[in-house]
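So this block is work33.txt, compact mmCIF, C-alpha atoms and all ligand atoms:
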```
# COMPACT_ATOMS: atom_id res chain seq x y z
CA MET A 1 6.81 20.49 5.06
CA ILE A 2 6.65 16.70 4.58
CA LYS A 3 4.10 15.67 1.97
CA LEU A 4 1.76 12.84 2.99
CA LEU A 5 0.16 10.57 0.39
CA ILE A 6 -2.55 8.11 1.37
CA THR A 7 -2.62 5.47 -1.38
CA ILE A 8 -5.37 2.89 -1.72
CA ASP A 9 -4.87 -0.07 -4.08
CA THR A 10 -8.34 -0.75 -5.47
CA GLU A 11 -8.83 -4.26 -6.82
CA ALA A 12 -10.95 -7.41 -6.85
CA HIS A 13 -9.39 -10.73 -7.71
CA ARG A 14 -11.78 -13.60 -7.09
CA GLY A 15 -14.95 -14.83 -5.40
CA LYS A 16 -18.64 -15.01 -6.22
CA ASN A 17 -19.17 -11.24 -6.22
CA PRO A 18 -15.66 -9.73 -6.39
CA ILE A 19 -16.47 -6.08 -7.16
CA ASN A 20 -18.83 -5.91 -4.20
CA ASP A 21 -16.75 -8.01 -1.80
CA TRP A 22 -13.34 -6.48 -2.56
CA ILE A 23 -14.14 -2.92 -3.69
CA PHE A 24 -17.54 -1.62 -2.51
CA GLY A 25 -17.89 -3.87 0.52
CA ASN A 26 -21.69 -3.66 0.73
CA TYR A 27 -22.63 -5.62 3.84
CA LYS A 28 -26.09 -5.58 5.40
CA ASN A 29 -26.97 -2.50 3.31
CA LYS A 30 -23.95 -0.45 4.45
CA GLU A 31 -20.68 0.07 2.56
CA TYR A 32 -17.26 -0.70 4.05
CA GLY A 33 -15.11 -0.50 0.91
CA ILE A 34 -13.96 2.57 -1.05
CA ASN A 35 -16.95 4.71 -0.05
CA LYS A 36 -16.29 4.05 3.65
CA ILE A 37 -12.60 4.88 3.10
CA MET A 38 -13.59 8.15 1.36
CA ASP A 39 -16.06 8.95 4.19
CA LEU A 40 -13.20 8.70 6.71
CA LEU A 41 -10.80 10.67 4.49
CA ASP A 42 -13.45 13.40 4.08
CA ILE A 43 -14.04 13.63 7.86
CA PHE A 44 -10.34 14.35 8.42
CA ASN A 45 -9.89 16.57 5.33
CA PHE A 46 -7.69 14.15 3.40
CA LYS A 47 -7.62 13.39 -0.30
CA GLY A 48 -6.71 9.81 -1.17
CA THR A 49 -4.85 8.50 -4.21
CA PHE A 50 -6.72 5.43 -5.46
CA PHE A 51 -4.69 3.06 -7.65
CA LEU A 52 -7.40 1.28 -9.63
CA ASP A 53 -6.46 -2.05 -11.26
CA ILE A 54 -7.42 -1.10 -14.79
CA ALA A 55 -6.48 -4.56 -16.14
CA GLU A 56 -9.64 -5.76 -14.41
CA TYR A 57 -11.61 -4.09 -17.19
CA TRP A 58 -10.75 -7.26 -19.15
CA THR A 59 -12.34 -9.33 -16.35
CA TYR A 60 -15.30 -7.22 -15.19
CA GLY A 61 -15.95 -4.75 -18.05
CA ASP A 62 -17.86 -1.54 -17.28
CA ALA A 63 -18.07 -2.32 -13.55
CA ILE A 64 -14.50 -0.95 -13.41
CA LYS A 65 -15.68 2.30 -15.00
CA GLU A 66 -18.27 2.66 -12.22
CA VAL A 67 -15.53 2.19 -9.58
CA GLY A 68 -13.36 4.92 -11.15
CA GLU A 69 -16.30 7.28 -11.56
CA THR A 70 -17.30 6.79 -7.92
CA ILE A 71 -13.81 7.87 -6.82
CA LEU A 72 -13.63 10.85 -9.20
CA SER A 73 -17.17 12.04 -8.35
CA ARG A 74 -16.12 12.34 -4.70
CA GLY A 75 -13.09 14.47 -5.57
CA HIS A 76 -10.32 11.97 -4.82
CA ASP A 77 -7.37 11.16 -7.06
CA LEU A 78 -7.68 8.24 -9.50
CA GLU A 79 -4.48 6.64 -10.79
CA MET A 80 -3.46 3.41 -12.54
CA HIS A 81 -2.65 0.03 -11.01
CA ILE A 82 -2.06 -3.11 -13.11
CA HIS A 83 -2.29 -6.78 -12.14
CA PRO A 84 -1.26 -8.16 -15.55
CA ASP A 85 -2.99 -11.56 -15.20
CA HIS A 86 -6.40 -9.89 -15.58
CA PHE A 87 -5.27 -8.75 -19.04
CA THR A 88 -3.22 -11.77 -20.15
CA LYS A 89 -5.39 -14.41 -18.39
CA ASN A 90 -2.16 -16.16 -17.40
CA LYS A 91 -2.28 -17.05 -13.69
CA ASN A 92 1.32 -18.32 -13.83
CA ARG A 93 2.60 -14.80 -14.49
CA LEU A 94 1.23 -12.49 -11.79
CA PHE A 95 4.07 -9.93 -11.90
CA LEU A 96 4.86 -7.44 -14.65
CA HIS A 97 8.58 -8.29 -14.36
CA GLN A 98 7.76 -11.82 -15.61
CA TYR A 99 6.92 -10.34 -19.04
CA SER A 100 9.36 -9.21 -21.75
CA TRP A 101 9.70 -5.50 -22.59
CA LYS A 102 7.38 -5.92 -25.59
CA GLU A 103 4.76 -7.87 -23.64
CA GLN A 104 4.87 -5.32 -20.81
CA TYR A 105 4.56 -2.51 -23.35
CA ASN A 106 1.42 -4.11 -24.83
CA ILE A 107 -0.16 -4.56 -21.39
CA ILE A 108 0.65 -1.09 -20.02
CA ASN A 109 -0.17 0.66 -23.31
CA ALA A 110 -3.57 -1.09 -23.58
CA CYS A 111 -4.36 -0.27 -19.93
CA THR A 112 -3.31 3.39 -20.32
CA SER A 113 -5.50 3.75 -23.45
CA LYS A 114 -8.40 2.08 -21.64
CA PHE A 115 -7.93 4.39 -18.64
CA LYS A 116 -8.02 7.42 -20.97
CA SER A 117 -11.10 6.21 -22.86
CA LEU A 118 -12.98 5.48 -19.60
CA PHE A 119 -12.05 8.58 -17.60
CA GLY A 120 -10.87 11.15 -20.16
CA PHE A 121 -7.29 11.69 -18.95
CA ILE A 122 -3.93 9.92 -18.83
CA PRO A 123 -2.93 8.89 -15.29
CA VAL A 124 -0.08 10.83 -13.70
CA ALA A 125 0.93 7.93 -11.48
CA PHE A 126 1.26 4.17 -11.59
CA ARG A 127 1.77 1.26 -9.22
CA ALA A 128 2.50 -2.30 -10.41
CA GLY A 129 0.34 -5.09 -8.97
CA LYS A 130 2.22 -6.80 -6.11
CA TYR A 131 4.88 -4.05 -6.58
CA GLY A 132 6.15 -6.34 -9.38
CA ALA A 133 7.86 -3.71 -11.56
CA ASN A 134 11.38 -3.78 -13.04
CA TYR A 135 13.44 -1.22 -14.97
CA ASP A 136 11.60 -2.16 -18.21
CA THR A 137 8.36 -1.06 -16.51
CA LEU A 138 9.83 2.35 -15.66
CA ASN A 139 11.15 2.75 -19.18
CA ILE A 140 7.70 1.96 -20.65
CA LEU A 141 5.93 4.37 -18.25
CA HIS A 142 8.28 7.09 -19.47
CA GLU A 143 7.44 6.29 -23.11
CA LEU A 144 3.71 6.47 -22.33
CA GLY A 145 3.92 9.87 -20.61
CA ILE A 146 3.30 8.73 -17.02
CA LYS A 147 5.27 10.85 -14.55
CA LEU A 148 5.37 9.07 -11.19
CA ASP A 149 5.91 5.41 -10.30
CA PHE A 150 4.85 4.15 -6.86
CA SER A 151 6.02 0.50 -7.22
CA ALA A 152 9.37 0.58 -5.39
CA PHE A 153 9.27 -1.32 -2.10
CA TYR A 154 12.56 -1.77 -0.28
CA ALA A 155 13.32 -5.32 0.92
CA ASN A 156 10.25 -6.76 -0.84
CA ASN A 157 11.17 -9.73 -3.04
CA TRP A 158 8.27 -9.13 -5.43
CA CYS A 159 9.67 -5.75 -6.50
CA LYS A 160 12.40 -6.21 -9.12
CA ILE A 161 13.54 -2.62 -9.54
CA ASN A 162 17.04 -3.96 -8.85
CA PRO A 163 19.17 -2.37 -7.58
CA LEU A 164 16.61 -0.10 -5.93
CA LEU A 165 17.06 3.61 -6.60
CA SER A 166 16.56 4.45 -2.91
CA ILE A 167 14.94 3.18 0.27
CA ASN A 168 12.45 5.97 0.97
CA SER A 169 13.57 9.12 -0.85
CA LEU A 170 12.38 10.34 -4.26
CA SER A 171 14.64 9.62 -7.25
CA TYR A 172 14.73 9.92 -11.04
CA TYR A 173 14.98 7.11 -13.60
CA ASP A 174 14.44 7.88 -17.30
CA ASN A 175 12.63 11.11 -16.30
CA ILE A 176 10.24 8.95 -14.27
CA ILE A 177 10.10 9.98 -10.63
CA GLU A 178 10.15 7.00 -8.32
CA VAL A 179 8.01 7.50 -5.20
CA PRO A 180 8.70 4.48 -2.97
CA VAL A 181 6.21 2.98 -0.55
CA THR A 182 7.59 4.34 2.75
CA VAL A 183 9.11 1.54 4.83
CA PHE A 184 10.39 1.30 8.41
CA LYS A 185 12.50 -1.04 10.49
CA SER A 186 9.86 -3.10 12.28
CA PHE A 187 12.02 -5.84 13.83
CA ASP A 188 15.69 -5.98 14.70
CA LEU A 189 16.52 -8.69 17.21
CA LEU A 190 19.12 -11.47 17.37
CA LYS A 191 20.35 -10.63 13.86
CA VAL A 192 16.82 -11.01 12.44
CA ASN A 193 15.80 -7.83 10.60
CA ARG A 194 12.43 -6.97 9.16
CA VAL A 195 11.25 -4.00 7.14
CA ASP A 196 7.56 -3.23 6.61
CA SER A 197 5.54 -0.62 4.76
CA ILE A 198 3.65 1.97 6.79
CA SER A 199 0.25 0.49 6.14
CA LEU A 200 -2.72 2.00 7.91
CA ASP A 201 -4.32 -1.42 8.33
CA GLY A 202 -1.19 -3.52 9.01
CA CYS A 203 0.59 -1.42 11.65
CA ASN A 204 -0.17 -1.30 15.32
CA PHE A 205 -1.54 2.17 16.23
CA PHE A 206 1.39 3.13 18.49
CA GLU A 207 3.90 1.68 16.02
CA PHE A 208 2.28 3.80 13.29
CA CYS A 209 2.48 6.99 15.38
CA ASN A 210 6.11 6.30 16.39
CA VAL A 211 7.23 5.81 12.78
CA ILE A 212 5.50 8.98 11.55
CA ASN A 213 6.99 10.97 14.45
CA ASN A 214 10.41 9.47 13.68
CA VAL A 215 10.19 10.58 10.03
CA ILE A 216 9.20 14.10 11.08
CA GLU A 217 12.00 14.37 13.67
CA SER A 218 14.63 13.05 11.25
CA LYS A 219 13.94 15.87 8.73
CA LYS A 220 15.40 13.58 6.08
CA LEU A 221 12.39 12.62 3.95
CA ASP A 222 10.22 14.90 1.81
CA VAL A 223 7.41 12.42 1.26
CA ILE A 224 5.55 9.73 3.23
CA VAL A 225 3.55 7.19 1.21
CA LEU A 226 1.00 5.21 3.22
CA MET A 227 -0.70 2.00 2.10
CA LEU A 228 -4.30 0.83 2.29
CA HIS A 229 -6.45 -1.48 0.14
CA SER A 230 -10.07 -1.18 -0.99
CA PHE A 231 -10.77 -4.35 1.07
CA SER A 232 -8.87 -3.35 4.21
CA PHE A 233 -12.05 -3.22 6.33
CA ILE A 234 -13.51 -6.44 4.92
CA ARG A 235 -13.12 -9.87 6.52
CA ARG A 236 -12.79 -12.39 3.72
CA ASP A 237 -12.85 -16.15 3.56
CA TYR A 238 -9.20 -16.78 2.71
CA LYS A 239 -9.55 -20.57 2.65
CA TYR A 240 -11.93 -20.49 -0.27
CA LEU A 241 -12.56 -17.73 -2.79
CA GLY A 242 -12.06 -14.60 -0.73
CA ASP A 243 -15.79 -13.88 -0.35
CA MET A 244 -16.80 -11.29 2.24
CA ILE A 245 -17.75 -12.88 5.57
CA GLY A 246 -17.96 -9.77 7.75
CA ILE A 247 -16.38 -6.47 8.76
CA ASN A 248 -12.99 -5.99 10.37
CA TRP A 249 -14.09 -3.53 13.06
CA HIS A 250 -10.68 -3.59 14.77
CA THR A 251 -8.95 -2.31 11.60
CA LEU A 252 -11.70 0.19 10.79
CA LYS A 253 -11.49 1.81 14.24
CA LYS A 254 -7.68 1.78 14.18
CA VAL A 255 -7.54 3.51 10.77
CA GLN A 256 -9.96 6.12 12.08
CA ARG A 257 -7.60 6.83 15.05
CA GLU A 258 -4.59 6.96 12.72
CA LEU A 259 -6.31 9.47 10.42
CA LYS A 260 -7.21 11.61 13.45
CA PHE A 261 -3.55 11.51 14.54
CA LEU A 262 -2.42 12.54 11.04
CA ASN A 263 -5.03 15.30 10.91
CA GLU A 264 -3.59 16.76 14.14
CA LEU A 265 -0.09 16.74 12.59
CA CYS A 266 -1.51 18.56 9.54
CA ASN A 267 -3.10 21.17 11.81
CA LYS A 268 0.31 21.67 13.47
CA LYS A 269 1.77 22.19 9.97
CA LEU A 270 4.21 19.30 10.40
CA ILE A 271 2.86 17.41 7.39
CA GLU A 272 0.73 18.30 4.36
CA ASN A 273 -1.61 15.90 2.58
CA VAL A 274 -1.23 15.77 -1.22
CA THR A 275 -2.41 13.43 -3.95
CA ALA A 276 -0.21 11.99 -6.71
CA GLN A 277 -1.53 14.75 -9.02
CA GLY A 278 -0.67 17.34 -6.38
CA LEU A 279 2.82 15.90 -5.85
CA ALA A 280 3.53 15.94 -9.60
CA LYS A 281 2.59 19.64 -9.69
CA LYS A 282 4.72 20.47 -6.65
CA ILE A 283 7.71 18.70 -8.24
CA GLU A 284 7.11 20.63 -11.47
CA ASN A 285 7.02 23.93 -9.52
CA GLN A 286 10.17 22.82 -7.66
CA GLU A 287 8.28 23.06 -4.38
CA VAL A 288 9.36 19.44 -3.80
CA LYS A 289 12.87 18.58 -4.94
CA VAL A 290 13.94 15.14 -6.11
CA GLU A 291 17.28 13.69 -4.91
CA GLU A 292 17.93 16.64 -2.58
CA LYS A 293 17.69 14.96 0.79
CA ASP A 294 19.44 11.99 2.39
CA ASP A 295 17.75 8.63 2.33
CA TYR A 296 16.42 7.39 5.65
CA LEU A 297 14.98 4.19 7.17
CA PRO A 298 12.83 5.12 10.19
CA SER A 299 12.32 2.80 13.13
CA SER A 300 9.21 2.07 15.18
CA GLY A 301 10.98 2.15 18.55
CA GLY A 302 12.98 0.00 20.99
CA LYS A 303 13.59 -3.72 20.52
CA ILE A 304 10.99 -4.90 23.06
CA PHE A 305 8.38 -2.56 21.54
CA GLN A 306 9.23 -3.88 18.06
CA TYR A 307 8.96 -7.46 19.30
CA LEU A 308 5.51 -6.86 20.83
CA CYS A 309 4.24 -5.10 17.68
CA THR A 310 5.52 -7.97 15.50
CA LEU A 311 3.77 -10.41 17.81
CA GLU A 312 0.48 -8.50 17.46
CA ARG A 313 0.82 -8.16 13.67
CA SER A 314 1.55 -11.88 13.36
CA TYR A 315 -1.39 -12.77 15.59
CA LEU A 316 -3.76 -10.75 13.36
CA ILE A 317 -2.68 -12.66 10.25
CA PHE A 318 -2.18 -16.04 11.95
CA GLY A 319 -3.07 -18.85 9.54
CA LYS A 320 -3.05 -16.52 6.50
CA ASN A 321 0.70 -15.90 6.36
CA LYS A 322 3.34 -18.63 6.71
CA LYS A 323 6.06 -16.53 8.40
CA ALA A 324 3.58 -14.93 10.82
CA THR A 325 2.12 -18.33 11.74
CA LEU A 326 5.61 -19.77 12.36
CA PHE A 327 6.55 -16.73 14.47
CA ILE A 328 3.47 -17.20 16.69
CA LEU A 329 4.08 -20.97 17.02
CA PHE A 330 7.77 -20.35 17.83
CA ASN A 331 6.77 -17.92 20.61
CA LEU A 332 4.11 -20.29 21.92
CA ILE A 333 6.66 -23.11 22.17
CA GLY A 334 9.04 -20.70 23.96
CA VAL A 335 6.36 -19.73 26.50
CA ILE A 336 5.45 -23.41 27.14
CA MET A 337 9.14 -24.30 27.62
CA ILE A 338 9.72 -21.44 30.10
CA ALA A 339 6.51 -22.34 32.00
CA THR A 340 7.60 -26.01 32.17
CA ILE A 341 11.05 -25.09 33.51
CA LEU A 342 9.51 -22.75 36.11
CA LEU A 343 7.00 -25.41 37.24
CA PHE A 344 9.83 -27.97 37.46
CA PHE A 345 11.85 -25.76 39.83
CA LEU A 346 8.85 -24.57 41.84
CA PHE A 347 7.39 -27.99 42.58
ZN ZN A 401 -2.79 -4.71 -6.25
```

Can the structure from this file be put into structure tokens for me?
Ligand SMILES: [Zn+2]
Amino acid sequence: MIKLLITIDTEAHRGKNPINDWIFGNYKNKEYGINKIMDLLDIFNFKGTFFLDIAEYWTYGDAIKEVGETILSRGHDLEMHIHPDHFTKNKNRLFLHQYSWKEQYNIINACTSKFKSLFGFIPVAFRAGKYGANYDTLNILHELGIKLDFSAFYANNWCKINPLLSINSLSYYDNIIEVPVTVFKSFDLLKVNRVDSISLDGCNFFEFCNVINNVIESKKLDVIVLMLHSFSFIRRDYKYLGDMIGINWHTLKKVQRELKFLNELCNKKLIENVTAQGLAKKIENQEVKVEEKDDYLPSSGGKIFQYLCTLERSYLIFGKNKKATLFILFNLIGVIMIATILLFFLF
């Protein structure tokens, strides 16, 4: 049965009240951050794997301990995420791959020790901030006794595990097991190709369902890794500091529908939810085998469907993302041109 991991990067980077606005999401006396995510996971019997940016201990101190304890006290999996700039205070180097082996070792070693002193155990799994790992990172994780890396992201320029070990299947490097963020072909038209992660907040609902069904039907992947962030339900002021300005109800309701859809697949025994800890144990027991199956890049559907989903995704991040904004403007110009030509011939 395909193993399903729901991973939540848990982090707060800027603003007047970052831990609240990016992690807890307390708004008008209700929470829409990690506790809301755990409420939804609990309703549908899922356990999440929360990658907590432990480097933020050097920015926010014991507030990070409270975040980790909140996750552990509710029975979800707590693992390590690192955005190195919170440790080094160097905003010109946001990716781990921008640091030498020795510098990376110092950062990851200090964060692993801090994680252990705060929570009493060494994390089983790791994800680099912005997926910015390279082979040095994997080598260091191996030295520090971490078993699984979740940083690989096919066709993402920030990830420098080059060449990538696989697209979506599990693989070994230095006894580290690489568990890639599952990606799918989201756009393939007029020689323009796009690959996206299966993110609960970023995908269109029908696109999400199609991709999951495609993975199940293919029988080629053992593991699906889904993405979410602690701030996925929060509307933030992107122009300024990223302060919370409201709730993204559209995303919240969509994620709820997606979790219901996944729960039905679990009930049909087509997929099984596991955490990173659970996956490590299943690999140890040889219940999940590494490098056994073919690699596979699922697709969300036909070309027109892909085009419409890309249009919707771009519309939702219009003004926040350069490519998405250009795509919307390009389509708008196209529509105006077609309308003009039609009006010219009609009148
Ligand atoms: Zn991150």

Using all atoms listed in the file, find each residue of chain A with at least one atom at most 10 Å away from an atom of ligand ZN 401 (chain A); report its shortest atom-to-atom pair and that distance in Å (one decimal), sort the rows by chain and rising residue number, and return the result as CSV.
```
residue,atom,partner,partner_atom,distance
A:Ile8,CA,A:ZN401,ZN,9.2
A:Asp9,CA,A:ZN401,ZN,5.5
A:Thr10,CA,A:ZN401,ZN,6.9
A:Glu11,CA,A:ZN401,ZN,6.1
A:Ala12,CA,A:ZN401,ZN,8.6
A:His13,CA,A:ZN401,ZN,9.1
A:Phe51,CA,A:ZN401,ZN,8.1
A:Leu52,CA,A:ZN401,ZN,8.3
A:Asp53,CA,A:ZN401,ZN,6.8
A:His81,CA,A:ZN401,ZN,6.7
A:Ile82,CA,A:ZN401,ZN,7.1
A:His83,CA,A:ZN401,ZN,6.3
A:Arg127,CA,A:ZN401,ZN,8.1
A:Ala128,CA,A:ZN401,ZN,7.1
A:Gly129,CA,A:ZN401,ZN,4.2
A:Lys130,CA,A:ZN401,ZN,5.4
A:Tyr131,CA,A:ZN401,ZN,7.7
A:Gly132,CA,A:ZN401,ZN,9.6
A:His229,CA,A:ZN401,ZN,8.0
A:Ser230,CA,A:ZN401,ZN,9.7
```

- Message: I'd like the interatomic distance between CA of Leu78 (chain A) and CA of Ile19 (chain A), to a tenth of an Å.
- Response: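 Separating CA of Leu78 (chain A) from CA of Ile19 (chain A) is a distance of 17.0 Å.
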
- Item | Within-9 Å shell of (-9.9, -11.7, -0.1) in input frame, all atoms listed in the file, as JSON, numbers by chain | {"A": [12, 13, 14, 15, 18, 21, 22, 231, 234, 235, 236, 237, 238, 241, 242, 243, 244]}

- Message: My list of candidates is A:Tyr99, A:Trp158, A:Phe305, A:Phe44. Which is closest to Val255 (chain A) when distances are computed with only C-alpha atoms?
- Response: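 Checking each candidate against Val255 (chain A), we get A:Phe44 as the closest.
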
Using all atoms listed in the file, which residues of region 101-183 of chain A come within 9 Å of region 192-198 of chain A, and what is the closest atom pair for each, with the distance in Å to one decimal? Give it as JSON lines, sorted by chain and residue number.
```
{"residue": "A:Phe153", "atom": "CA", "partner": "A:Ser197", "partner_atom": "CA", "distance": 7.8}
{"residue": "A:Tyr154", "atom": "CA", "partner": "A:Val195", "partner_atom": "CA", "distance": 7.9}
{"residue": "A:Ala155", "atom": "CA", "partner": "A:Val195", "partner_atom": "CA", "distance": 6.7}
{"residue": "A:Asn156", "atom": "CA", "partner": "A:Val195", "partner_atom": "CA", "distance": 8.5}
{"residue": "A:Val181", "atom": "CA", "partner": "A:Ser197", "partner_atom": "CA", "distance": 6.5}
{"residue": "A:Thr182", "atom": "CA", "partner": "A:Ser197", "partner_atom": "CA", "distance": 5.7}
{"residue": "A:Val183", "atom": "CA", "partner": "A:Ser197", "partner_atom": "CA", "distance": 4.2}
```

Report as CSV the residues of region 140-228 of chain A within 10 Å of region 102-105 of chain A, each with its shortest atom pair and distance in Å (one decimal), using all atoms listed in the file, ordered by chain and increasing residue number.
```
residue,atom,partner,partner_atom,distance
A:Ile140,CA,A:Tyr105,CA,6.1
A:Leu141,CA,A:Tyr105,CA,8.7
A:Glu143,CA,A:Tyr105,CA,9.3
A:Leu144,CA,A:Tyr105,CA,9.1
```

- Item | d(CA of Leu148 (chain A), CA of Lys116 (chain A)) in Å | 16.7 Å

- Task: Determine the nearest neighbour of Lys220 (chain A) from the options A:Gly33, A:Gly61, A:Pro84, A:Pro298, counting only C-alpha atoms.
- Result: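 Nearest candidate to Lys220 (chain A) out of A:Gly33, A:Gly61, A:Pro84, A:Pro298: A:Pro298.
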
- Task: Write out as a list in words the residues lying within 8 Å of region 163-165 of chain A, counting all atoms listed in the file and excluding same-chain residues fewer than 5 positions away.
- Result: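 That gives Ala152, Tyr154, Ser171 and Glu178 of chain A.
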
- A:Leu329, A:Ala125, A:Leu259, A:Leu308 ranked by distance to Asp42 (chain A), top pick (using all atoms listed in the file):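 Checking each of A:Leu329, A:Ala125, A:Leu259, A:Leu308 against Asp42 (chain A), counting all atoms listed in the file, the winner is A:Leu259.
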
- Could you name the residues that touch Glu217 (chain A) at 12 Å or less, counting all atoms listed in the file, but leaving out those on the same chain fewer than 6 positions away, as a VMD selection string? chain A and resid 1 to 2 210 to 211 270 to 271 296 298 to 299

- Note on the structure: Using all atoms listed in the file, the residue out of A:Gly120, A:Ile108, A:Ala339, A:Leu311 with shortest distance to Lys323 (chain A) is A:Leu311

- Query: Contacts of Asp39 (chain A) at 12 Å or less, counting only C-alpha atoms, minus same-chain residues fewer than 4 places along, as a ChimeraX atom specification?
  - Reply: /A:31-35,43-48,71,74-76,252,256,259

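With all atoms listed in the file as the basis for measurement, A:Leu138 is the residue among A:Leu138, A:Leu200, A:Leu72, A:Val274 that approaches Leu96 (chain A) most closely.
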
- Go through A:Ile37, A:Cys266, A:Leu118, A:Lys89 one by one, measure the shortest atom-to-atom distance of each to Lys253 (chain A) using all atoms listed in the file, and give the residue with the smallest value. A:Ile37

- Rounded to one decimal place, report the CA of His86 (chain A)-CA of Val225 (chain A) distance in Å.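 Interatomic distance here is 25.9 Å.
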
- Task: Extract, using all atoms listed in the file, all DNA, RNA and protein residues at most 8 Å from Asp174 (chain A), discarding same-chain residues fewer than 2 positions from it, and format them as JSON, numbers by chain.
- Result: {"A": [138, 139, 142, 172, 176]}

Can you give me N, CA and C atoms for region 34-51 of chain A, written as a JSON list (two decimals), keeping the file's coordinate frame?
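Saved to out.json:
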```json
[["chain", "number", "residue", "atom", "x", "y", "z"],
["A", 34, "ILE", "N", -14.52, 1.25, -0.69],
["A", 34, "ILE", "CA", -13.96, 2.57, -1.05],
["A", 34, "ILE", "C", -14.81, 3.74, -0.55],
["A", 35, "ASN", "N", -16.13, 3.58, -0.52],
["A", 35, "ASN", "CA", -16.95, 4.71, -0.05],
["A", 35, "ASN", "C", -16.74, 4.97, 1.44],
["A", 36, "LYS", "N", -16.57, 3.89, 2.21],
["A", 36, "LYS", "CA", -16.29, 4.05, 3.65],
["A", 36, "LYS", "C", -14.92, 4.71, 3.83],
["A", 37, "ILE", "N", -13.94, 4.28, 3.02],
["A", 37, "ILE", "CA", -12.60, 4.88, 3.10],
["A", 37, "ILE", "C", -12.70, 6.38, 2.79],
["A", 38, "MET", "N", -13.45, 6.72, 1.73],
["A", 38, "MET", "CA", -13.59, 8.15, 1.36],
["A", 38, "MET", "C", -14.36, 8.93, 2.43],
["A", 39, "ASP", "N", -15.34, 8.28, 3.08],
["A", 39, "ASP", "CA", -16.06, 8.95, 4.19],
["A", 39, "ASP", "C", -15.06, 9.36, 5.27],
["A", 40, "LEU", "N", -14.19, 8.41, 5.65],
["A", 40, "LEU", "CA", -13.20, 8.70, 6.71],
["A", 40, "LEU", "C", -12.21, 9.77, 6.26],
["A", 41, "LEU", "N", -11.75, 9.66, 5.00],
["A", 41, "LEU", "CA", -10.80, 10.67, 4.49],
["A", 41, "LEU", "C", -11.45, 12.05, 4.51],
["A", 42, "ASP", "N", -12.73, 12.11, 4.11],
["A", 42, "ASP", "CA", -13.45, 13.40, 4.08],
["A", 42, "ASP", "C", -13.57, 14.00, 5.48],
["A", 43, "ILE", "N", -13.88, 13.14, 6.48],
["A", 43, "ILE", "CA", -14.04, 13.63, 7.86],
["A", 43, "ILE", "C", -12.76, 14.35, 8.31],
["A", 44, "PHE", "N", -11.61, 13.77, 7.95],
["A", 44, "PHE", "CA", -10.34, 14.35, 8.42],
["A", 44, "PHE", "C", -9.64, 15.22, 7.37],
["A", 45, "ASN", "N", -10.40, 15.65, 6.36],
["A", 45, "ASN", "CA", -9.89, 16.57, 5.33],
["A", 45, "ASN", "C", -8.73, 16.02, 4.52],
["A", 46, "PHE", "N", -8.75, 14.73, 4.22],
["A", 46, "PHE", "CA", -7.69, 14.15, 3.40],
["A", 46, "PHE", "C", -8.22, 13.82, 2.01],
["A", 47, "LYS", "N", -7.31, 13.89, 1.04],
["A", 47, "LYS", "CA", -7.62, 13.39, -0.30],
["A", 47, "LYS", "C", -6.77, 12.13, -0.51],
["A", 48, "GLY", "N", -7.43, 11.06, -0.93],
["A", 48, "GLY", "CA", -6.71, 9.81, -1.17],
["A", 48, "GLY", "C", -6.29, 9.67, -2.62],
["A", 49, "THR", "N", -5.26, 8.86, -2.85],
["A", 49, "THR", "CA", -4.85, 8.50, -4.21],
["A", 49, "THR", "C", -5.21, 7.03, -4.40],
["A", 50, "PHE", "N", -6.22, 6.79, -5.24],
["A", 50, "PHE", "CA", -6.72, 5.43, -5.46],
["A", 50, "PHE", "C", -6.07, 4.83, -6.70],
["A", 51, "PHE", "N", -5.30, 3.76, -6.51],
["A", 51, "PHE", "CA", -4.69, 3.06, -7.65],
["A", 51, "PHE", "C", -5.66, 1.95, -8.07]]
```
